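Below is one structure; the comments refer to it alone.
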Amino acid sequence: MKKNLNGKIALIVAVLVVCLWGIFGASKGLSGKDLSEGLQKRIHYGLDLRGGAHLILQVKVNEAVYAETSNVAAQVQQELKKASLSFSQVYVPDADKPEAIRIEGTTPESSSAIETLLGSTKYSNEFELKSVNDNTWTLTMKPMVLTALKSKTDQQAIEALSDRVNALGISEPVIQAYGLGADQILVELPGVENESDIEKIIQGTNRLEIHAVAGGPYKDEQEALASVGGALPADQELKSFLGVVNSGSDSQSIYRLERVSVVAGTDFRSADPSTNQNTGQREVRFTLTNEAGERFYDYTSKNVGQSMAVVMNDQVREVASIKEPIHDTGEISGSFSQDEVVALSKLLSTGALPASLTQLEKRFVGASLGADSIRAGVKAAVFGVLVVMAFMLFYYRGSGVNADLALLLNLIILLGILGLSSALSGGANALTLTLPGIAGVILTIGMGVDSNVLIFERIREEVRAGKAPSAAVDQGFAHAWITIVDTHVTTIVSAAILFMFGTGPVKGFAVTLTIGLLANLFTAVYVSRVIFDAHLNRMKPGEAVSI
Amino acid sequence: MELFRGVNVDWLRLKWYFLAFSMIFSVAGLVKMGVNMTQIHSPVPLGVDFKGGTQVQVKFEQTPDINRIRQAVAAAGVQDATIQSIQSEISTSGNEVLISLPVQQDETSLDAGRKQIVDALQAHYNNPFTESNVSVVGPTVGRQLETKAALATLYSMAGMLVYLWFRFQLIYGVAAVVACFHDTLITVGAFALTNQEISLTVIAAILTLVGYSMNDTIVVFDRIRENLRLSRRESLPDVVNRSINQTLSRTVLTSGLTFLTVLSLYIFGGQVLRGFSFALVVGILIGTYSSIAVAAPMLVAWQEWRARRGKTATLPAAKRARV
């Protein structure tokens, strides 16, 4: 009885062709050099193999919340004044718990008026009003609103970082939320060899704001505090001046600033470096967003003659007096170096960060180490494959050819799927091959051959039990199949968990192991069976199967 | 060619030897972990991934002198630096040195340690170099990873237990998971005993070993299940022995071949994968051993325990295999 295998063989050949296209489809010709170039285009190496930088950044979301609540506090203060309700101060007491605004020194008689004013929908949509005692109230941001603000901040930070990385011309970067901790961002910059390139992106996390100056400059903090009778009002803060003061003295001076900024980093729309025609000083010309422009005009028209301070990285970089109302364009000049002016312009126009970032983790792999690792990994893989293939031939003779073909096809499918993922997604969502990924390939060889061993051993048992070749092959595959399914499922379970929990390179291990095992179900069972059947078809009656 | 044809070993008679062997290695590992706990406040030496800290791998143009590097680093006022040269046969030149600093609690200046090292070498050691591998991990990320790694291992064991419960019976799942736990314990113990650091890739290796050991155990269990269905009159110990013997040839072949591939990884895979392949080399040996010496005897022990308590000794094979 002969089986018709044409359909099955066609399927196997089709898979082979598709996978080969996946691996080499991008190459120009058939010479060895072209093929290896094509391979490199299709197979995406992870950071550990191609070299590059990997960062995990923490977004200080509390800063964004603090900025928001401080603005609301200022607004509350104005409305209380307008309604002639007495109070001593409205402020955000704890920068680590920035969602709570505190209103102090109100009178018991004004309770109902405050409740109407601050309980109105303008606030109650986002805040919850609570009376602490007769003279004190708290206005706390609702948890839902707080969560939304935090995730918006994370999103803005990711967008700003992406803009910046793109501006540096780094290809195939990864900038995404990092799953392990709250408000963390994973940044992967392939091929970035230079520490200073990384620094540019990190230093670019500076925050720039414009604050109203309440007093100063003072020689030191004591003098600044003395000017307000020793106690700093809660809505003000002290900041030191960095760099050379216009007067030429380089002594550090202290300014007393309004805590709530007039213009925040996210308010800038575009900025360009330029030079002031009158003074020759370097400056940054900026344009504000419409909304911020309105606010800025409002503020500057009310405060002509007053001073404002440009604050970068918590330090005052420039203090300027307001000569006339400014709408939405202006320039920042001051003690900047040329590099700083260029960097600042880029920073402002690519969208400043809504909150500052700290580095939690930084890894950097040089391309030479990556190349060494590829060489080592490939050497280990080739050696592993050769040893296993030689052994299978020696131990199972004719059937060993079978196992070896299945093994080779398994490797082709594995690489093919990596290549196809890159070809089909245009490189954007390509599965990457990492060093632990190569280890996964090697382990796949070991475990792939296990399926063959299981089947062959079983066929031998059946042959020993006196079955005819075709029946022995049938039974061998049927029995081994149950075991193969069980072993593959359990291993895929652990690989899947690794994929969910692992990061970077380790994820690459889970990827190759899972693809390898799935491919193995196809090659070791389906393909190997077809080869057996083809062989059985050509066997003379009474001939024994070579196993 | 055939190995192990018609083997007939009474594996269950050896169970006390197996128990002694497993106990010796588990206890040795545990004792060393206990000692480590008091000395380094962690059962096994943790790599920079978990512990946090700064690691700078530097490649010099000329052969480096470790003592001079140490002096240079000390002269720049860098404290607590450890310096070791890297034995790397795959590297194009052997001039690589690994300089590590302990974790920095202040995450605002995470990068300071690396800068200090680089500056110190530039200022005090006249040998041009490039940084080939830098890892700076803050305490937050380290702690996060530690938790996640432990969870991942536990989840994967739980996932397998559930699968085996569904495919076989609960006792099979429990026996297999105990065997996996045994393997993990001994492998981690091997890291403690040889003073090697556990890194993120080592955790990946341990998860792989969990999967591998499970593989091996399932092959034996599958055969036990099949034999129990075929010969209902045979006693469980006999069935277990026969099943181990029948699958022995496969067990030895597969672990031998997998062991060879992993060994080639250990030898050729380079320094980056050293810990990873070490875990697998140990794990495959232990994983193969445990399916014969731990998982299968547990099934028998469970049944004997039930029999002693006067319960009907139902064979744990009742479920039919579904295909």
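We name chains A, B, ... following the order of the structure tokens; residues begin at 1 in each chain, and ligands are numbered from 1 as shown.
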Test item: chain A residues at most 8 Å from chain B, counting only C-alpha atoms, as a ChimeraX atom specification: /A:180-181,358-369,372-373,375-377,379-381,383-385,387-388,394-396,435-436,439,442-443,445-447,449-450,453-454,457,482-483,486-488,490-491,493-495,497-498,501,506,509
Contacts of Glu188 of chain A within 6 Å, only C-alpha atoms, excl. fewer than 4 positions in-chain, as a PyMOL selection string: chain A and resi 53-54+173-174
Just the selected residues (C-alpha atoms), exported as a PDB file, in the first residue's frame, please.
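Dumped to part_19.pdb:
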ATOM      1  CA  ALA A  53      23.032  51.696  24.855  1.00  0.00           C
ATOM      2  CA  HIS A  54      20.174  50.594  27.058  1.00  0.00           C
ATOM      3  CA  PRO A 173      15.447  53.062  18.707  1.00  0.00           C
ATOM      4  CA  VAL A 174      13.112  51.600  21.306  1.00  0.00           C
TER       5      VAL A 174
END
